file final-v7.tsv (TSV, C-alpha atoms)
chain	number	residue	atom	x	y	z
A	1	MET	CA	113.58	101.22	79.78
A	2	LEU	CA	110.52	102.89	78.23
A	3	LEU	CA	109.86	104.60	81.53
A	4	ILE	CA	113.43	105.83	81.79
A	5	GLY	CA	113.35	107.16	78.24
A	6	GLY	CA	110.07	108.97	78.89
A	7	VAL	CA	111.36	110.68	82.01
A	8	VAL	CA	114.61	111.83	80.44
A	9	ALA	CA	112.92	112.97	77.25
A	10	ALA	CA	110.39	114.97	79.24
A	11	ALA	CA	113.13	116.75	81.16
A	12	VAL	CA	115.08	117.61	78.02
A	13	ALA	CA	111.94	118.74	76.21
A	14	GLY	CA	111.09	121.02	79.09
A	15	ARG	CA	114.48	122.72	78.90
A	16	ASP	CA	114.29	123.10	75.13
A	17	ARG	CA	110.80	124.62	75.21
A	18	ASP	CA	111.26	127.42	77.71
A	19	GLY	CA	115.00	127.67	78.23
A	20	THR	CA	114.51	128.02	81.98
A	21	GLY	CA	115.39	124.48	83.08
A	22	THR	CA	118.58	124.07	85.09
A	23	ALA	CA	118.87	120.29	85.15
A	24	THR	CA	122.54	119.43	85.17
A	25	LYS	CA	122.82	116.23	87.24
A	26	THR	CA	121.26	112.88	86.40
A	27	VAL	CA	120.16	110.81	89.39
A	28	ARG	CA	119.63	107.11	88.80
A	29	MET	CA	117.25	105.35	91.14
A	30	VAL	CA	115.33	102.14	91.56
A	31	VAL	CA	111.83	102.57	92.98
A	32	GLY	CA	108.74	100.57	93.87
A	33	SER	CA	106.20	100.39	91.04
A	34	GLU	CA	103.64	102.49	92.94
A	35	LYS	CA	105.94	105.54	92.56
A	36	THR	CA	106.53	105.31	88.80
A	37	GLU	CA	103.73	107.69	87.89
A	38	PHE	CA	105.00	110.24	90.40
A	39	PHE	CA	108.50	110.36	88.92
A	40	ALA	CA	107.12	110.26	85.36
A	41	ASP	CA	104.75	113.18	86.01
A	42	PRO	CA	105.86	116.10	83.77
A	43	ASP	CA	105.27	118.50	86.66
A	44	VAL	CA	107.58	116.48	88.89
A	45	VAL	CA	110.16	116.34	86.09
A	46	LYS	CA	109.94	120.12	85.73
A	47	ALA	CA	110.18	120.74	89.49
A	48	LEU	CA	113.28	118.55	89.75
A	49	ALA	CA	114.84	120.17	86.70
A	50	ALA	CA	114.35	123.58	88.30
A	51	LYS	CA	116.51	122.32	91.18
A	52	GLY	CA	119.18	120.97	88.85
A	53	TYR	CA	118.22	117.30	88.55
A	54	THR	CA	117.06	114.83	85.94
A	55	VAL	CA	115.80	111.49	87.24
A	56	GLU	CA	116.13	108.07	85.65
A	57	ALA	CA	113.81	105.72	87.52
A	58	GLU	CA	113.67	101.95	87.14
A	59	THR	CA	111.13	99.79	88.97
A	60	SER	CA	111.55	96.74	91.15
A	61	GLY	CA	109.64	94.90	93.83
A	62	SER	CA	110.77	96.42	97.12
A	63	TRP	CA	111.89	93.13	98.63
A	64	ALA	CA	113.72	92.21	95.44
A	65	MET	CA	115.90	95.35	95.53
A	66	GLU	CA	118.38	93.84	97.97
A	67	GLY	CA	119.39	91.32	95.29
A	68	LEU	CA	120.04	93.97	92.62
A	69	ASP	CA	123.45	95.23	91.59
A	70	LEU	CA	123.11	98.90	92.50
A	71	THR	CA	126.50	99.94	91.19
A	72	GLY	CA	126.07	103.29	89.45
A	73	TYR	CA	122.77	104.08	91.18
A	74	ASP	CA	122.30	107.12	93.41
A	75	LEU	CA	119.48	105.84	95.56
A	76	ALA	CA	117.07	102.99	96.18
A	77	PHE	CA	113.49	103.85	97.12
A	78	PRO	CA	111.55	100.81	98.38
A	79	SER	CA	108.07	101.12	99.83
A	80	SER	CA	108.79	100.46	103.48
A	81	ARG	CA	111.51	100.63	106.07
A	82	ALA	CA	112.29	96.91	106.41
A	83	PRO	CA	113.69	96.32	102.90
A	84	ALA	CA	115.40	99.73	103.05
A	85	VAL	CA	117.27	98.68	106.20
A	86	GLU	CA	118.51	95.53	104.46
A	87	ILE	CA	119.64	97.49	101.39
A	88	ALA	CA	121.42	100.02	103.62
A	89	ALA	CA	123.24	97.27	105.52
A	90	LYS	CA	124.36	95.60	102.30
A	91	HIS	CA	125.74	98.86	100.88
A	92	GLY	CA	127.23	100.25	104.07
A	93	VAL	CA	124.80	103.18	104.37
A	94	ARG	CA	124.73	104.43	107.96
A	95	GLY	CA	122.48	106.77	109.87
A	96	ALA	CA	118.75	107.41	109.80
A	97	LEU	CA	117.06	106.61	106.51
A	98	PRO	CA	114.79	109.40	105.19
A	99	ARG	CA	111.08	108.72	104.81
A	100	PRO	CA	109.60	111.57	102.75
A	101	PHE	CA	106.04	110.23	102.70
A	102	TYR	CA	103.86	107.24	103.52
A	103	SER	CA	100.65	105.56	102.42
A	104	PRO	CA	98.35	103.11	104.22
A	105	LEU	CA	97.29	99.90	102.56
A	106	VAL	CA	93.63	99.75	101.56
A	107	VAL	CA	91.36	97.29	99.79
A	108	VAL	CA	89.56	98.49	96.69
A	109	ALA	CA	86.30	96.75	95.92
A	110	HIS	CA	83.57	96.90	93.33
A	111	SER	CA	80.36	98.20	94.85
A	112	GLY	CA	78.53	94.87	94.69
A	113	ALA	CA	81.35	93.07	96.52
A	114	ALA	CA	81.51	95.78	99.19
A	115	GLU	CA	77.76	95.60	99.80
A	116	VAL	CA	77.87	91.82	100.17
A	117	LEU	CA	80.79	92.03	102.62
A	118	ALA	CA	78.91	94.62	104.67
A	119	GLY	CA	75.72	92.57	104.62
A	120	ASN	CA	77.59	89.59	106.05
A	121	GLY	CA	79.49	91.41	108.80
A	122	LEU	CA	82.87	91.45	107.04
A	123	ALA	CA	82.84	95.19	106.38
A	124	ALA	CA	81.04	98.36	107.43
A	125	LEU	CA	80.23	101.08	104.90
A	126	ASP	CA	80.40	104.81	105.71
A	127	GLY	CA	78.65	105.67	102.47
A	128	ARG	CA	78.49	104.59	98.86
A	129	ASN	CA	82.22	104.65	98.19
A	130	ARG	CA	84.04	104.23	101.51
A	131	GLY	CA	84.10	101.84	104.42
A	132	THR	CA	86.04	99.60	106.78
A	133	LEU	CA	87.18	96.02	106.24
A	134	LYS	CA	86.83	94.01	109.43
A	135	MET	CA	90.04	92.03	109.43
A	136	GLY	CA	89.06	89.54	112.14
A	137	PRO	CA	85.87	88.33	110.44
A	138	TYR	CA	87.51	88.45	107.02
A	139	LEU	CA	90.44	86.28	108.12
A	140	GLU	CA	88.06	83.85	109.80
A	141	ALA	CA	86.16	83.53	106.52
A	142	ALA	CA	89.42	83.06	104.60
A	143	GLY	CA	90.57	80.41	107.06
A	144	ASP	CA	87.30	78.55	106.54
A	145	ASP	CA	87.68	78.71	102.73
A	146	ARG	CA	84.41	80.63	102.52
A	147	THR	CA	83.04	81.14	99.01
A	148	TRP	CA	81.11	84.11	97.69
A	149	GLN	CA	78.15	81.80	97.10
A	150	GLU	CA	77.96	81.19	100.85
A	151	LEU	CA	77.48	84.89	101.53
A	152	GLU	CA	73.96	86.26	101.63
A	153	GLY	CA	73.21	88.56	98.68
A	154	ALA	CA	76.10	87.44	96.50
A	155	GLY	CA	73.72	85.72	94.07
A	156	GLU	CA	72.66	89.14	92.78
A	157	TYR	CA	76.11	89.67	91.28
A	158	GLY	CA	77.24	87.22	88.64
A	159	GLU	CA	80.91	88.10	89.06
A	160	LEU	CA	80.95	87.06	92.74
A	161	THR	CA	81.77	83.38	92.50
A	162	GLY	CA	84.45	81.09	93.86
A	163	THR	CA	86.56	81.49	96.97
A	164	LEU	CA	86.46	84.80	98.80
A	165	TYR	CA	89.91	86.41	98.79
A	166	ILE	CA	91.84	89.65	98.41
A	167	SER	CA	94.28	89.87	95.51
A	168	SER	CA	97.74	90.98	96.62
A	169	THR	CA	101.26	91.00	95.23
A	170	ASP	CA	104.00	88.40	95.67
A	171	PRO	CA	105.10	88.75	99.33
A	172	GLU	CA	108.59	87.46	98.56
A	173	THR	CA	109.37	90.34	96.21
A	174	SER	CA	106.75	93.06	96.71
A	175	ASN	CA	106.26	95.33	99.70
A	176	SER	CA	102.47	95.49	99.66
A	177	GLY	CA	102.20	91.70	99.58
A	178	ALA	CA	104.63	91.37	102.48
A	179	LEU	CA	102.84	94.02	104.56
A	180	TYR	CA	99.54	92.23	103.92
A	181	LEU	CA	101.01	89.22	105.69
A	182	ALA	CA	102.34	91.47	108.46
A	183	ALA	CA	98.86	92.84	109.18
A	184	ALA	CA	97.10	89.48	108.77
A	185	SER	CA	99.57	87.62	111.00
A	186	TYR	CA	99.25	90.33	113.67
A	187	VAL	CA	95.46	89.93	113.77
A	188	ALA	CA	95.67	86.13	113.66
A	189	ASN	CA	98.21	86.21	116.52
A	190	GLY	CA	95.73	87.91	118.83
A	191	GLY	CA	96.92	91.48	118.24
A	192	LYS	CA	100.57	90.66	118.81
A	193	VAL	CA	103.41	90.90	116.33
A	194	VAL	CA	104.70	87.48	115.22
A	195	SER	CA	108.22	87.07	116.54
A	196	SER	CA	109.00	83.44	117.43
A	197	ASP	CA	109.33	80.24	115.42
A	198	ALA	CA	106.27	78.87	117.20
A	199	GLU	CA	104.19	81.92	116.25
A	200	VAL	CA	105.38	81.70	112.66
A	201	GLY	CA	104.33	78.07	112.62
A	202	ARG	CA	100.86	78.86	113.94
A	203	ALA	CA	100.36	81.72	111.46
A	204	ALA	CA	101.76	79.90	108.43
A	205	PRO	CA	98.67	77.82	107.45
A	206	LEU	CA	96.46	80.92	107.24
A	207	MET	CA	99.14	82.89	105.39
A	208	ARG	CA	99.36	80.00	102.94
A	209	LYS	CA	95.59	80.13	102.34
A	210	LEU	CA	95.66	83.89	101.76
A	211	VAL	CA	98.30	83.50	99.05
A	212	SER	CA	97.72	80.08	97.45
A	213	VAL	CA	94.12	80.84	96.49
A	214	GLN	CA	95.38	83.65	94.24
A	215	GLY	CA	97.47	81.51	91.91
A	216	ALA	CA	100.15	83.50	90.06
A	217	GLN	CA	100.81	86.88	91.67
A	218	GLN	CA	102.14	90.12	90.24
A	219	ALA	CA	105.49	91.47	91.36
A	220	GLY	CA	104.21	95.01	91.81
A	221	SER	CA	101.02	96.74	92.94
A	222	ASP	CA	100.81	99.00	89.88
A	223	ALA	CA	99.83	96.11	87.58
A	224	VAL	CA	97.33	94.70	90.11
A	225	PHE	CA	95.63	98.08	90.48
A	226	ARG	CA	95.47	98.66	86.72
A	227	ASP	CA	93.81	95.26	86.28
A	228	PHE	CA	91.19	96.21	88.87
A	229	VAL	CA	90.50	99.59	87.28
A	230	SER	CA	90.09	97.97	83.87
A	231	GLY	CA	87.46	95.61	85.30
A	232	ALA	CA	89.64	92.50	85.05
A	233	GLY	CA	90.48	90.07	87.81
A	234	ASN	CA	89.29	89.80	91.38
A	235	PRO	CA	86.65	92.15	92.90
A	236	LEU	CA	88.82	92.77	96.01
A	237	VAL	CA	92.39	94.06	95.61
A	238	LEU	CA	94.99	95.28	98.11
A	239	VAL	CA	96.66	98.52	96.96
A	240	TYR	CA	98.17	101.70	98.36
A	241	GLU	CA	95.86	104.57	99.25
A	242	SER	CA	98.13	106.77	97.13
A	243	GLN	CA	97.18	104.81	94.02
A	244	VAL	CA	93.51	105.41	94.71
A	245	ALA	CA	94.08	109.12	95.36
A	246	ALA	CA	95.99	109.47	92.10
A	247	LEU	CA	93.15	107.76	90.24
A	248	LEU	CA	90.61	110.10	91.82
A	249	ALA	CA	92.66	113.07	90.65
A	250	GLU	CA	92.23	111.78	87.09
A	251	GLN	CA	88.65	110.46	87.24
A	252	GLN	CA	85.78	112.28	88.91
A	253	ASN	CA	83.64	110.08	91.14
A	254	PRO	CA	84.05	106.56	89.70
A	255	ASP	CA	80.77	104.90	90.70
A	256	ASP	CA	81.92	101.30	90.93
A	257	LEU	CA	84.76	101.94	93.38
A	258	VAL	CA	84.65	101.44	97.13
A	259	VAL	CA	87.72	102.08	99.30
A	260	LEU	CA	87.83	99.81	102.34
A	261	TYR	CA	90.30	100.76	105.08
A	262	PRO	CA	91.24	97.60	107.02
A	263	ASP	CA	90.57	98.17	110.72
A	264	THR	CA	94.08	96.78	111.24
A	265	THR	CA	96.62	97.67	108.60
A	266	VAL	CA	100.25	98.63	108.04
A	267	ASN	CA	101.36	102.00	106.79
A	268	SER	CA	103.88	101.84	103.99
A	269	ASP	CA	106.70	104.22	104.90
A	270	HIS	CA	108.38	104.98	101.59
A	271	THR	CA	112.00	104.94	102.71
A	272	VAL	CA	115.04	106.12	100.78
A	273	VAL	CA	118.50	104.58	100.84
A	274	PRO	CA	120.85	107.32	99.53
A	275	LEU	CA	123.87	105.71	97.88
A	276	THR	CA	125.63	108.91	96.73
A	277	ASP	CA	125.67	112.59	97.63
A	278	ASP	CA	123.41	113.34	94.66
A	279	GLY	CA	120.97	110.76	95.92
A	280	LYS	CA	121.09	112.30	99.39
A	281	ASN	CA	120.51	115.81	98.06
A	282	LEU	CA	117.58	114.76	95.89
A	283	THR	CA	116.04	112.94	98.84
A	284	GLU	CA	116.22	116.11	100.90
A	285	LEU	CA	114.35	117.93	98.12
A	286	LEU	CA	111.59	115.32	98.20
A	287	ARG	CA	111.29	115.83	101.93
A	288	THR	CA	111.43	119.63	102.14
A	289	ASP	CA	110.75	121.30	98.77
A	290	THR	CA	107.27	122.87	98.78
A	291	ALA	CA	106.52	122.20	95.12
A	292	LEU	CA	107.59	118.55	95.30
A	293	ARG	CA	105.63	117.98	98.51
A	294	LYS	CA	102.50	119.35	96.88
A	295	LEU	CA	103.03	117.08	93.90
A	296	ALA	CA	103.54	114.08	96.19
A	297	VAL	CA	100.21	114.91	97.88
A	298	ARG	CA	98.58	115.23	94.47
A	299	HIS	CA	99.75	111.67	93.79
A	300	GLY	CA	98.14	110.56	97.05
A	301	PHE	CA	101.16	110.30	99.34
A	302	ARG	CA	100.93	111.55	102.92
A	303	PRO	CA	103.94	113.69	103.97
A	304	GLN	CA	105.56	112.29	107.10
A	305	ASP	CA	105.56	115.49	109.14
A	306	ASP	CA	102.41	117.36	108.05
A	307	ILE	CA	98.98	115.75	108.33
A	308	ALA	CA	97.27	118.95	107.22
A	309	GLU	CA	98.70	118.85	103.70
A	310	PHE	CA	97.04	115.57	102.83
A	311	ALA	CA	93.87	116.37	104.78
A	312	GLN	CA	93.39	119.53	102.76
A	313	ALA	CA	93.89	117.71	99.47
A	314	ALA	CA	91.60	114.87	100.54
A	315	SER	CA	88.83	117.26	101.59
A	316	ARG	CA	87.50	117.09	98.02
A	317	ARG	CA	87.54	113.28	98.02
A	318	THR	CA	86.15	112.36	101.42
A	319	ALA	CA	83.48	110.20	99.78
A	320	TYR	CA	86.36	107.80	99.08
A	321	LEU	CA	89.30	108.75	101.33
A	322	LYS	CA	89.85	109.32	105.04
A	323	GLN	CA	91.48	112.66	105.81
A	324	GLU	CA	92.83	111.20	109.04
A	325	LEU	CA	93.30	107.53	109.83
A	326	THR	CA	90.95	107.45	112.79
A	327	GLY	CA	89.61	104.03	113.64
A	328	VAL	CA	92.48	102.31	111.83
A	329	ARG	CA	94.87	100.32	114.01
A	330	GLN	CA	98.51	100.31	112.96
A	331	ALA	CA	100.06	96.84	113.23
A	332	PRO	CA	103.77	96.60	114.01
A	333	VAL	CA	105.84	94.93	111.30
A	334	PRO	CA	107.77	91.75	112.17
A	335	THR	CA	111.52	91.69	111.71
A	336	SER	CA	112.73	91.22	108.16
A	337	ALA	CA	113.77	87.64	108.93
A	338	VAL	CA	110.33	86.74	110.31
A	339	LEU	CA	108.50	88.47	107.46
A	340	ARG	CA	110.61	86.67	104.87
A	341	GLU	CA	109.88	83.36	106.56
A	342	LEU	CA	106.15	84.09	106.60
A	343	ALA	CA	106.33	84.96	102.91
A	344	ARG	CA	108.31	81.82	102.12
A	345	ARG	CA	105.80	79.61	103.88
A	346	ALA	CA	102.87	81.48	102.36
A	347	ARG	CA	104.27	80.83	98.90
A	348	GLY	CA	104.77	77.18	99.78
call {"tool": "encode", "arguments": {"input": "final-v7.tsv", "output": "structure tokens"}}
result
Amino acid sequence: MLLIGGVVAAAVAGRDRDGTGTATKTVRMVVGSEKTEFFADPDVVKALAAKGYTVEAETSGSWAMEGLDLTGYDLAFPSSRAPAVEIAAKHGVRGALPRPFYSPLVVVAHSGAAEVLAGNGLAALDGRNRGTLKMGPYLEAAGDDRTWQELEGAGEYGELTGTLYISSTDPETSNSGALYLAAASYVANGGKVVSSDAEVGRAAPLMRKLVSVQGAQQAGSDAVFRDFVSGAGNPLVLVYESQVAALLAEQQNPDDLVVLYPDTTVNSDHTVVPLTDDGKNLTELLRTDTALRKLAVRHGFRPQDDIAEFAQAASRRTAYLKQELTGVRQAPVPTSAVLRELARRARG
């Protein structure tokens, strides 16, 4: 509710200050937590107001949206296609679902943790602040319950103790947590998407280890990322590249940040389910309006149909970010039913 109030107040204040705003329609939406800062950005509010819209945005885990009562909402905006398809089916939305932008999943690490991973063959560093997470070796270590203390060089860093793991969100409610299992199960299944009951059964013990070691999990990636930035919690955290890019736009060259691109990952296609004509029209603006596209790039999102836009923006941040996703294998996502079953078994 605080977020909604802030967005609406910002739009109204903008109209009162300069008298040029044209916002006449209020669009209510439910979005994944990683997009809250985008829709709360005063520049985004102003750009939407110039096109005649005020946005009220509430947050929800992407996989939890299907269970929400969306009566009175104009659109749902989960963080990948699979939950969007389920929401569309439930609400009778037909046709292709728009995907204005996407973001790959990455692992953020403190520099000490990244150096130890690289020194033990679990990662490769391109420089001080960027590298690659080797998913095969990492999952093998996770399956063996490897501890930081067993890794050469970890003794130099007092914070590197206990079981080695990547913090992620709840896979039963959150998109990033579910896609983590999609990528991990693909690698564990020999580079093949998990599709049968037998394959689910073989993947389940490892998925359970990846999740159970974390204890209580957050429902959204925004809180997990904020904990990491504040120095709290685990030294390895799964987040969206867009969250890192947005942080870099605010902070110049944070020293203790390394962005690890998993060599096998899943891109998060932020997919819209328009529930009304207003929702459909606003979605089209997100996809085509020049000002809104530039703002989406500023917040770290990659436009679906123009690689150059993000590459140009990332050219100032290549110490941390890849302009193009070369060397990163895109894992197919299991069906929603399979992914939900993997998440259920992972959560025990």
call {"tool": "atom_distance", "arguments": {"input": "final-v7.tsv", "atom1": "atom CA of Ala49 of chain A", "atom2": "atom CA of Ala249 of chain A"}}
result
23.6 Å
call {"tool": "closest_atom_pairs", "arguments": {"input": "final-v7.tsv", "of": "segment 80-196 of chain A", "to": "segment 290-305 of chain A", "cutoff": "12 Å", "atoms": "only C-alpha atoms", "output": "tab-separated table"}}
result
residue	atom	partner	partner_atom	distance
A:Pro98	CA	A:Gln304	CA	9.9
A:Arg99	CA	A:Gln304	CA	7.0
A:Pro100	CA	A:Gln304	CA	6.0
A:Phe101	CA	A:Pro303	CA	4.2
A:Tyr102	CA	A:Arg302	CA	5.2
A:Ser103	CA	A:Phe301	CA	5.7
A:Pro104	CA	A:Arg302	CA	8.9
A:Leu105	CA	A:Phe301	CA	11.6
call {"tool": "residues_near_point", "arguments": {"input": "final-v7.tsv", "point": "(114.6, 92.2, 107.9)", "cutoff": "10 Å", "atoms": "all atoms listed in the file", "output": "number ranges by chain"}}
result
A: 63, 81-87, 333-340
call {"tool": "residues_around", "arguments": {"input": "final-v7.tsv", "residues": "Ser212 of chain A", "least_positions_apart": "4", "cutoff": "10 Å", "atoms": "all atoms listed in the file", "output": "ChimeraX atom specification"}}
result
/A:206-208,216-217,346-348
call {"tool": "closest_residue", "arguments": {"input": "final-v7.tsv", "among": "A:Glu241, A:Ala246, A:Lys192, A:Leu70", "to": "Gln323 of chain A", "atoms": "only C-alpha atoms"}}
result
A:Glu241
call {"tool": "closest_residue", "arguments": {"input": "final-v7.tsv", "among": "A:Asp256, A:Asp263, A:Asp41, A:Glu250", "to": "Ala109 of chain A", "atoms": "all atoms listed in the file"}}
result
A:Asp256
call {"tool": "closest_residue", "arguments": {"input": "final-v7.tsv", "among": "A:Ser195, A:Val213, A:Arg287, A:Ala96", "to": "Thr147 of chain A", "atoms": "all atoms listed in the file"}}
result
A:Val213
call {"tool": "atom_distance", "arguments": {"input": "final-v7.tsv", "atom1": "atom CA of Trp148 of chain A", "atom2": "atom CA of Leu160 of chain A"}}
result
5.8 Å
call {"tool": "axis_aligned_box", "arguments": {"input": "final-v7.tsv", "around": "segment 269-272 of chain A", "padding_each_side": "6 Å", "output": "JSON"}}
result
{"center_x": 110.9, "center_y": 105.2, "center_z": 102.8, "size_x": 20.3, "size_y": 13.9, "size_z": 16.1}
